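Source file start-v9.txt; content: compact mmCIF, C-alpha atoms and all ligand atoms.
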```txt
# COMPACT_ATOMS: atom_id res chain seq x y z
CA MET A 1 100.76 91.53 82.56
CA ASN A 2 103.97 92.79 80.94
CA ARG A 3 102.55 95.81 79.16
CA LEU A 4 104.99 98.27 80.78
CA LYS A 5 108.08 96.08 80.68
CA GLY A 6 111.21 98.24 80.59
CA LYS A 7 109.35 101.51 81.26
CA TYR A 8 110.35 104.12 83.83
CA ALA A 9 107.49 106.16 85.31
CA LEU A 10 107.12 109.01 87.78
CA ILE A 11 103.78 109.23 89.61
CA THR A 12 102.90 112.21 91.79
CA GLY A 13 100.43 111.84 94.64
CA ALA A 14 101.32 108.16 95.04
CA SER A 15 100.85 108.06 98.82
CA GLN A 16 97.11 107.26 98.62
CA GLY A 17 94.02 107.15 96.42
CA LEU A 18 94.35 106.93 92.65
CA GLY A 19 98.12 107.57 92.53
CA ARG A 20 98.79 104.62 94.82
CA GLU A 21 96.65 102.34 92.64
CA ILE A 22 98.39 103.53 89.46
CA ALA A 23 101.77 102.75 91.05
CA LEU A 24 100.70 99.23 92.08
CA THR A 25 99.24 98.57 88.64
CA TYR A 26 102.36 99.81 86.82
CA ALA A 27 104.46 97.50 89.02
CA ARG A 28 102.19 94.54 88.21
CA GLU A 29 102.68 95.42 84.53
CA ALA A 30 106.44 94.96 85.04
CA ALA A 31 107.57 98.59 84.89
CA ALA A 32 111.36 98.73 85.26
CA GLY A 33 111.43 101.75 87.57
CA LEU A 34 108.89 103.80 89.48
CA THR A 35 109.43 107.14 91.18
CA LEU A 36 106.76 107.83 93.78
CA VAL A 37 106.30 111.43 94.90
CA ALA A 38 104.12 112.88 97.69
CA ARG A 39 104.66 114.55 101.07
CA ASP A 40 103.80 111.55 103.28
CA SER A 41 107.10 109.66 103.26
CA GLN A 42 105.85 106.88 105.58
CA ALA A 43 103.03 106.01 103.19
CA LEU A 44 105.46 106.01 100.24
CA VAL A 45 107.93 103.74 102.03
CA ALA A 46 105.09 101.35 102.93
CA LEU A 47 104.00 101.33 99.28
CA ARG A 48 107.55 100.60 98.12
CA LYS A 49 107.57 97.56 100.44
CA GLU A 50 104.28 96.36 99.01
CA ILE A 51 105.55 96.80 95.44
CA ASN A 52 108.79 94.97 96.23
CA GLN A 53 106.67 92.00 97.29
CA VAL A 54 104.33 91.90 94.27
CA ALA A 55 106.85 92.98 91.61
CA PRO A 56 110.47 92.33 92.57
CA VAL A 57 111.69 93.42 89.09
CA THR A 58 110.46 96.98 89.62
CA ARG A 59 112.98 99.40 91.14
CA VAL A 60 111.21 101.94 93.34
CA LEU A 61 112.48 105.40 94.16
CA VAL A 62 110.61 107.28 96.88
CA ILE A 63 110.78 111.08 97.04
CA SER A 64 109.01 113.02 99.74
CA ALA A 65 108.38 116.47 98.27
CA ASP A 66 105.85 119.29 98.29
CA LEU A 67 104.67 119.85 94.72
CA ALA A 68 103.86 123.46 95.54
CA SER A 69 107.59 124.18 95.91
CA ALA A 70 109.60 125.04 92.79
CA GLU A 71 112.84 124.08 94.57
CA ALA A 72 111.41 120.66 95.46
CA MET A 73 110.47 120.07 91.81
CA GLU A 74 114.08 120.81 90.77
CA LEU A 75 115.25 118.21 93.28
CA VAL A 76 112.69 115.62 92.15
CA ALA A 77 113.76 115.87 88.52
CA ALA A 78 117.48 115.81 89.38
CA THR A 79 117.05 112.74 91.64
CA VAL A 80 115.02 110.81 89.07
CA PHE A 81 117.55 111.38 86.33
CA SER A 82 120.58 110.56 88.49
CA ASP A 83 119.05 107.40 90.01
CA PHE A 84 117.50 106.07 86.80
CA GLY A 85 120.32 107.03 84.44
CA GLY A 86 118.41 109.75 82.60
CA ARG A 87 115.46 107.46 81.79
CA LEU A 88 111.88 108.63 82.16
CA ASP A 89 109.20 107.31 79.82
CA VAL A 90 106.01 108.22 81.67
CA LEU A 91 105.03 111.16 83.89
CA VAL A 92 101.66 110.95 85.67
CA ASN A 93 100.72 114.32 87.16
CA ASN A 94 98.12 112.96 89.57
CA ALA A 95 98.68 114.84 92.86
CA SER A 96 96.15 117.51 93.72
CA SER A 97 95.05 119.66 96.58
CA ILE A 98 91.35 120.32 97.14
CA GLY A 99 92.12 123.39 99.31
CA PRO A 100 90.22 124.24 102.50
CA SER A 101 87.31 122.00 103.48
CA PRO A 102 84.45 122.91 103.53
CA MET A 103 85.27 124.64 100.24
CA PRO A 104 84.61 128.41 100.42
CA MET A 105 82.78 130.31 97.67
CA LEU A 106 85.15 132.39 95.53
CA ILE A 107 84.12 135.64 97.20
CA ASP A 108 85.26 134.29 100.57
CA TYR A 109 88.24 132.30 99.35
CA PRO A 110 91.40 133.19 101.34
CA LEU A 111 94.07 134.30 98.85
CA PRO A 112 96.95 132.32 100.42
CA ASP A 113 94.88 129.09 100.13
CA PHE A 114 93.88 129.96 96.56
CA ARG A 115 97.52 130.49 95.60
CA ARG A 116 98.61 127.26 97.26
CA VAL A 117 96.03 125.21 95.33
CA LEU A 118 97.23 126.78 92.06
CA ASP A 119 100.88 126.21 93.01
CA THR A 120 100.13 122.53 93.62
CA ASN A 121 97.66 121.53 90.88
CA PRO A 122 98.73 123.22 87.63
CA ILE A 123 102.06 124.91 88.47
CA GLY A 124 103.67 121.81 90.03
CA PRO A 125 102.94 119.79 86.85
CA LEU A 126 104.10 122.72 84.67
CA LEU A 127 107.46 122.81 86.46
CA LEU A 128 107.89 119.03 86.36
CA MET A 129 107.02 118.92 82.66
CA LYS A 130 109.55 121.66 81.91
CA LYS A 131 112.20 119.65 83.74
CA VAL A 132 111.53 116.27 82.12
CA LEU A 133 110.68 117.40 78.59
CA PRO A 134 114.21 117.75 77.20
CA ALA A 135 114.96 114.09 78.03
CA MET A 136 111.55 112.96 76.81
CA ILE A 137 111.90 114.82 73.52
CA GLU A 138 115.13 112.92 72.95
CA HIS A 139 113.80 109.44 73.81
CA GLY A 140 109.98 109.81 73.51
CA GLY A 141 107.55 109.77 76.41
CA SER A 142 104.01 109.95 77.71
CA ILE A 143 102.66 112.67 80.01
CA ILE A 144 99.32 111.95 81.64
CA ASN A 145 97.62 114.79 83.51
CA VAL A 146 94.80 113.89 85.88
CA THR A 147 91.90 116.29 85.57
CA SER A 148 88.27 116.49 86.72
CA ASP A 149 84.87 117.49 85.40
CA ALA A 150 85.38 120.51 87.70
CA GLY A 151 87.95 121.59 85.07
CA VAL A 152 85.35 121.92 82.28
CA VAL A 153 82.19 122.99 84.15
CA GLY A 154 82.08 125.84 86.67
CA TYR A 155 80.52 124.20 89.73
CA ALA A 156 79.51 126.64 92.47
CA GLY A 157 81.71 126.18 95.51
CA TRP A 158 84.55 124.30 93.80
CA GLY A 159 86.66 127.47 93.96
CA ALA A 160 90.42 127.21 93.56
CA TYR A 161 90.28 123.47 92.80
CA GLY A 162 88.00 124.03 89.80
CA VAL A 163 90.09 126.97 88.55
CA SER A 164 93.25 124.87 88.95
CA LYS A 165 91.79 122.05 86.83
CA PHE A 166 90.69 124.51 84.12
CA ALA A 167 94.35 125.63 84.08
CA LEU A 168 95.62 122.05 83.88
CA GLU A 169 93.25 121.36 80.98
CA GLY A 170 94.58 124.41 79.11
CA LEU A 171 98.17 123.56 79.90
CA SER A 172 97.71 120.03 78.57
CA ALA A 173 95.94 121.11 75.37
CA ILE A 174 98.47 123.78 74.48
CA TRP A 175 101.43 121.60 75.31
CA ALA A 176 100.04 118.70 73.29
CA ALA A 177 99.73 121.09 70.31
CA GLU A 178 103.22 122.52 70.80
CA LEU A 179 104.75 119.03 71.03
CA GLY A 180 102.83 117.78 68.02
CA ASP A 181 105.96 117.07 65.97
CA THR A 182 107.78 115.21 68.77
CA ALA A 183 107.44 111.69 70.20
CA VAL A 184 106.09 113.10 73.46
CA SER A 185 102.37 112.71 74.08
CA VAL A 186 100.34 114.83 76.48
CA ASN A 187 96.90 113.50 77.44
CA LEU A 188 94.28 114.23 80.07
CA VAL A 189 92.39 111.64 82.10
CA ASP A 190 89.30 112.43 84.15
CA PRO A 191 88.85 109.58 86.65
CA GLY A 192 85.27 110.59 87.53
CA ASP A 193 83.82 110.27 91.03
CA MET A 194 86.09 108.13 93.23
CA ASN A 195 86.03 107.14 96.86
CA SER A 196 89.17 108.92 98.07
CA ALA A 197 90.26 111.17 100.94
CA MET A 198 90.04 114.20 98.65
CA HIS A 199 86.49 113.50 97.55
CA ARG A 200 85.33 112.71 101.08
CA ALA A 201 86.78 116.10 102.19
CA ALA A 202 85.11 117.89 99.26
CA GLU A 203 81.67 116.36 99.81
CA PRO A 204 81.54 115.29 103.48
CA THR A 205 77.77 114.68 103.49
CA ALA A 206 77.68 112.46 100.38
CA ASP A 207 77.75 108.64 100.50
CA PRO A 208 81.24 107.47 99.36
CA ASN A 209 79.77 104.06 98.49
CA ASP A 210 78.23 105.74 95.43
CA TRP A 211 81.72 106.46 94.07
CA ALA A 212 84.11 104.17 92.19
CA ASP A 213 87.05 102.46 93.85
CA PRO A 214 90.27 103.96 92.39
CA SER A 215 91.73 100.45 91.99
CA GLN A 216 89.13 99.82 89.24
CA LEU A 217 90.17 102.85 87.16
CA THR A 218 93.79 102.20 86.20
CA GLU A 219 93.31 100.65 82.76
CA VAL A 220 93.39 103.96 80.87
CA PHE A 221 96.63 104.85 82.66
CA VAL A 222 98.24 101.58 81.53
CA TYR A 223 97.09 102.17 77.96
CA LEU A 224 98.48 105.71 77.83
CA ALA A 225 101.80 104.60 79.36
CA SER A 226 102.22 101.64 77.03
CA ASP A 227 103.55 101.46 73.48
CA ARG A 228 100.01 100.65 72.27
CA SER A 229 99.11 104.33 72.58
CA ALA A 230 102.13 105.60 70.60
CA GLY A 231 101.09 108.65 68.56
CA ILE A 232 97.98 109.29 70.69
CA SER A 233 98.27 112.82 72.07
CA GLY A 234 96.05 115.78 72.85
CA ARG A 235 93.11 113.73 74.05
CA ARG A 236 90.87 113.80 77.09
CA SER A 237 89.71 110.40 78.30
CA GLN A 238 87.31 109.39 81.05
CA ALA A 239 88.47 106.46 83.15
CA GLN A 240 84.91 105.33 83.88
CA GLU A 241 83.83 105.39 80.22
CA LYS A 242 82.62 101.97 79.02
CA GLY A 243 85.35 100.23 77.02
CA TRP A 244 88.27 100.67 79.39
CA GLY A 245 89.20 97.44 81.06
CA LYS A 246 88.20 95.38 78.06
CA GLY A 247 91.50 95.88 76.25
CA GLU A 248 90.20 98.54 73.90
CA GLU A 249 90.34 102.32 73.82
CA ALA A 250 87.20 104.07 75.02
CA PRO A 251 85.82 107.16 73.24
CA ARG A 252 87.72 110.38 73.95
CA VAL A 253 87.75 114.05 73.00
CA GLU A 254 90.45 115.83 70.97
CA ILE A 255 91.78 118.84 72.91
CA ALA A 256 94.70 120.11 70.85
CA GLN A 257 95.19 121.61 67.43
CA ALA A 258 98.47 122.16 65.61
CA ARG A 259 99.22 125.69 64.43
N1 LIG A 301 88.36 111.68 93.99
C1 LIG A 301 87.62 112.05 92.95
O1 LIG A 301 86.40 111.82 92.92
C2 LIG A 301 88.27 112.75 91.80
C3 LIG A 301 87.43 113.15 90.73
C4 LIG A 301 88.01 113.77 89.63
C5 LIG A 301 89.39 113.98 89.60
N2 LIG A 301 90.16 113.58 90.66
C6 LIG A 301 91.60 113.77 90.55
O2 LIG A 301 92.26 112.53 90.75
C7 LIG A 301 93.58 112.76 91.27
C8 LIG A 301 93.83 111.87 92.46
O3 LIG A 301 92.95 112.26 93.50
P1 LIG A 301 92.50 111.30 94.69
O4 LIG A 301 91.03 111.39 94.74
O5 LIG A 301 93.17 109.99 94.55
O6 LIG A 301 93.05 112.15 95.92
P2 LIG A 301 93.75 111.75 97.30
O7 LIG A 301 93.46 110.35 97.68
O8 LIG A 301 93.41 112.84 98.23
O9 LIG A 301 95.30 111.84 96.90
C9 LIG A 301 95.89 113.04 96.56
C10 LIG A 301 97.38 112.81 96.44
O10 LIG A 301 98.02 114.06 96.12
C11 LIG A 301 99.10 114.25 97.00
N3 LIG A 301 99.34 115.67 97.22
C12 LIG A 301 98.43 116.61 97.55
N4 LIG A 301 99.04 117.80 97.73
C13 LIG A 301 100.37 117.60 97.48
C14 LIG A 301 101.52 118.43 97.51
N5 LIG A 301 101.45 119.73 97.84
N6 LIG A 301 102.73 117.89 97.21
C15 LIG A 301 102.83 116.58 96.91
N7 LIG A 301 101.77 115.73 96.85
C16 LIG A 301 100.57 116.24 97.16
C17 LIG A 301 98.72 113.54 98.29
O11 LIG A 301 99.88 113.12 98.99
P3 LIG A 301 100.45 113.75 100.35
O12 LIG A 301 99.28 114.24 101.13
O13 LIG A 301 101.19 112.61 100.97
O14 LIG A 301 101.36 114.84 99.90
C18 LIG A 301 97.99 112.31 97.74
O15 LIG A 301 98.91 111.27 97.46
C19 LIG A 301 93.65 114.26 91.57
O16 LIG A 301 94.30 114.93 90.50
C20 LIG A 301 92.20 114.68 91.62
O17 LIG A 301 92.03 116.04 91.31
C21 LIG A 301 89.64 112.98 91.75
```

Target format structure tokens, applied to this file:
Amino acid sequence: MNRLKGKYALITGASQGLGREIALTYAREAAAGLTLVARDSQALVALRKEINQVAPVTRVLVISADLASAEAMELVAATVFSDFGGRLDVLVNNASSIGPSPMPMLIDYPLPDFRRVLDTNPIGPLLLMKKVLPAMIEHGGSIINVTSDAGVVGYAGWGAYGVSKFALEGLSAIWAAELGDTAVSVNLVDPGDMNSAMHRAAEPTADPNDWADPSQLTEVFVYLASDRSAGISGRRSQAQEKGWGKGEEAPRVEIAQAR
């Protein structure tokens, strides 16, 4: 349970769902420092308390910020580096907005909502990556972007969310290729169907019991944050693929190509 000993990680969207479970798992794996970002500060403070109880060695920094705001992203990066002495080994871009629910078809999609989903899902991660990359290039690091099958298949009705995940997929692939000669890895993880607030809002008539519990899907995130995955970059993994959770790497797809 010491696979992340000494590591500093920043996890966006840590107030609930998958991000919360990744944070708890990283703490159990003895991460040295965790920065938890989301808008709901109460939920983040409650999570910090929980982590302090299960993993007293892990220092926890809580930042309430709106990922759709470029100014907030500046502040997040500055706070992380000042509080953790310039250390950041792992960035998990997990936060996402589903947009209005029920989800409108593209033809009816209100432009302000469309823009806000894009500001949150691919542009927030783009800005954070730009901020943390110089330090990561110097020391090495792992960037894990959380995607969806809605980012590779055009599902009717998944509107801005689907478009935003297509953008995140492209961003990750191109950045993995551009960083090919550095010690920074950029990988995508698709968690698959999970029982979370976002999914319940996206498909209100479906049975959430058919979907996986996010707490069961963190193994791939530990692998990609740990030294065992050094040199693995430009790949797209599925958290529910058989193999994860048994201490081995599950099959994955190459997404990047060097020039
Ligand atoms: N659920 C699924 O079936 C499924 C399937 C495929 C992919 N995914 C992906 O998995 C990831 C986690 O999703 P989830 O299902 O765990 O969702 P969730 O439970 O709804 O959590 C989403 C998180 O994102 C944060 N967030 C949303 N907008 C934000 C903003 N503007 N600024 C800062 N934080 C923001 C939320 O925090 P606040 O509200 O406190 O800000 C929350 O912590 C997402 O990238 C999602 O696209 C989910």

Can you tell me, as JSON, the centre and edge lengths (Å, one decimal) of the axis-aligned box enclosing all of range 175-189 of chain A's listed atoms after padding each side by 5 Å?
```
{"center_x": 100.1, "center_y": 117.1, "center_z": 74.0, "size_x": 25.4, "size_y": 20.9, "size_z": 26.1}
```

Taking all atoms listed in the file into account, produce a table as a tab-separated table in which each residue of chain A with an atom at most 6 Å from an atom of ligand LIG 301 (chain A) appears once, together with its shortest atom pair and the distance in Å to one decimal, ordered by chain and rising number.
```
residue	atom	partner	partner_atom	distance
A:Gly13	CA	A:LIG301	O15	3.3
A:Ala14	CA	A:LIG301	O15	4.6
A:Ser15	CA	A:LIG301	O15	4.0
A:Gln16	CA	A:LIG301	O15	4.5
A:Gly17	CA	A:LIG301	O7	3.5
A:Leu18	CA	A:LIG301	O5	3.8
A:Gly19	CA	A:LIG301	O5	5.9
A:Ala38	CA	A:LIG301	N7	3.8
A:Arg39	CA	A:LIG301	O14	3.5
A:Asp40	CA	A:LIG301	O13	3.6
A:Ala65	CA	A:LIG301	C15	5.7
A:Asp66	CA	A:LIG301	N6	3.6
A:Leu67	CA	A:LIG301	N6	3.7
A:Ala68	CA	A:LIG301	N5	5.0
A:Asn94	CA	A:LIG301	O16	4.4
A:Ala95	CA	A:LIG301	O10	3.4
A:Ser96	CA	A:LIG301	O16	4.5
A:Ser97	CA	A:LIG301	N4	4.5
A:Thr120	CA	A:LIG301	N5	5.2
A:Val146	CA	A:LIG301	O16	4.8
A:Thr147	CA	A:LIG301	C5	5.3
A:Ser148	CA	A:LIG301	C5	4.0
A:Asp190	CA	A:LIG301	C5	5.7
A:Pro191	CA	A:LIG301	C4	5.2
A:Gly192	CA	A:LIG301	C3	4.6
A:Asp193	CA	A:LIG301	O1	3.6
A:Met194	CA	A:LIG301	O1	3.7
A:Asn195	CA	A:LIG301	N1	5.9
A:Ser196	CA	A:LIG301	O7	4.5
A:Ala197	CA	A:LIG301	O8	4.5
A:Met198	CA	A:LIG301	O8	3.7
A:His199	CA	A:LIG301	N1	4.4
```

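Shortest separation to Tyr8 in chain A among A:Lys242, A:Arg20, A:Arg28, A:Arg59 occurs at residue A:Arg59, atoms counted being all atoms listed in the file.
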
Return as CSV the residues of range 76-139 of chain A lying at most 9 Å from range 214-227 of chain A, together with the closest atom-to-atom pair for each and the distance in Å to one decimal, counting only C-alpha atoms, with rows in chain order and ascending residue number.
```
residue,atom,partner,partner_atom,distance
A:Asp89,CA,A:Ala225,CA,7.9
A:Val90,CA,A:Ala225,CA,6.0
A:Leu91,CA,A:Ala225,CA,8.6
A:Val92,CA,A:Phe221,CA,8.5
```

Sel. within 6 Å of pt (93.0, 116.5, 72.0), counting all atoms listed in the file, output as a ChimeraX atom specification: /A:234-235,253-256

Interatomic distance, CA of Pro104 in chain A to CA of Glu169 in chain A (Å, one decimal): 22.4 Å

Tell me which residues come within 12 Å of (113.0, 114.0, 73.6), as a PDB file with C-alpha atoms, in the coordinates of the input, counting only C-alpha atoms in the file's coordinates.
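Output contents, as saved in result-v5.pdb:
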```
ATOM      1  CA  GLY A  86     118.410 109.750  82.600  1.00  0.00           C
ATOM      2  CA  ARG A  87     115.460 107.460  81.790  1.00  0.00           C
ATOM      3  CA  LEU A  88     111.880 108.630  82.160  1.00  0.00           C
ATOM      4  CA  ASP A  89     109.200 107.310  79.820  1.00  0.00           C
ATOM      5  CA  MET A 129     107.020 118.920  82.660  1.00  0.00           C
ATOM      6  CA  LYS A 130     109.550 121.660  81.910  1.00  0.00           C
ATOM      7  CA  LYS A 131     112.200 119.650  83.740  1.00  0.00           C
ATOM      8  CA  VAL A 132     111.530 116.270  82.120  1.00  0.00           C
ATOM      9  CA  LEU A 133     110.680 117.400  78.590  1.00  0.00           C
ATOM     10  CA  PRO A 134     114.210 117.750  77.200  1.00  0.00           C
ATOM     11  CA  ALA A 135     114.960 114.090  78.030  1.00  0.00           C
ATOM     12  CA  MET A 136     111.550 112.960  76.810  1.00  0.00           C
ATOM     13  CA  ILE A 137     111.900 114.820  73.520  1.00  0.00           C
ATOM     14  CA  GLU A 138     115.130 112.920  72.950  1.00  0.00           C
ATOM     15  CA  HIS A 139     113.800 109.440  73.810  1.00  0.00           C
ATOM     16  CA  GLY A 140     109.980 109.810  73.510  1.00  0.00           C
ATOM     17  CA  GLY A 141     107.550 109.770  76.410  1.00  0.00           C
ATOM     18  CA  SER A 142     104.010 109.950  77.710  1.00  0.00           C
ATOM     19  CA  LEU A 179     104.750 119.030  71.030  1.00  0.00           C
ATOM     20  CA  ASP A 181     105.960 117.070  65.970  1.00  0.00           C
ATOM     21  CA  THR A 182     107.780 115.210  68.770  1.00  0.00           C
ATOM     22  CA  ALA A 183     107.440 111.690  70.200  1.00  0.00           C
ATOM     23  CA  VAL A 184     106.090 113.100  73.460  1.00  0.00           C
ATOM     24  CA  SER A 185     102.370 112.710  74.080  1.00  0.00           C
TER      25      SER A 185
END
```

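Take the candidates A:Glu50, A:Glu71, A:Glu178, A:Asp210 and check each one against Thr25 in chain A using all atoms listed in the file; the shortest distance goes to A:Glu50.
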
Between CA of Glu29 in chain A and CA of Lys7 in chain A, distance in Å (one decimal): 9.6 Å

Coordinates-based distance that separates CA of Trp244 in chain A from CA of Asn93 in chain A (Å, one decimal): 20.0 Å

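For the residues A:Ala150, A:Val189, A:Ala206, A:Ala160, ranking by smallest atom-to-atom distance to Leu118 in chain A using all atoms listed in the file places A:Ala160 first.
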
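Residue nearest Lys165 in chain A within the list A:Val153, A:Met1, A:Ala46, A:Leu128: A:Val153 [criterion: smallest interatomic distance, only C-alpha atoms].
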
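Among the candidates A:Met105, A:Ala70, A:Leu75, A:Ala239, the one nearest to Asp119 in chain A when counting all atoms listed in the file is A:Ala70.
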
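Between Ser41 in chain A and the candidates A:Leu4, A:Val62, A:Val152, A:Ala177, the tightest atom-to-atom separation, counting all atoms listed in the file, involves A:Val62.
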
Shell of 12 Å around Lys49 in chain A, all atoms listed in the file, local chain residues under 2 positions omitted, as a list in words: Leu24, Ala27, Gln42, Ala43, Leu44, Val45, Ala46, Leu47, Ile51, Asn52, Gln53, Val54, Ala55, Pro56, Thr58, Arg59, Val60, Leu61 and Val62 of chain A
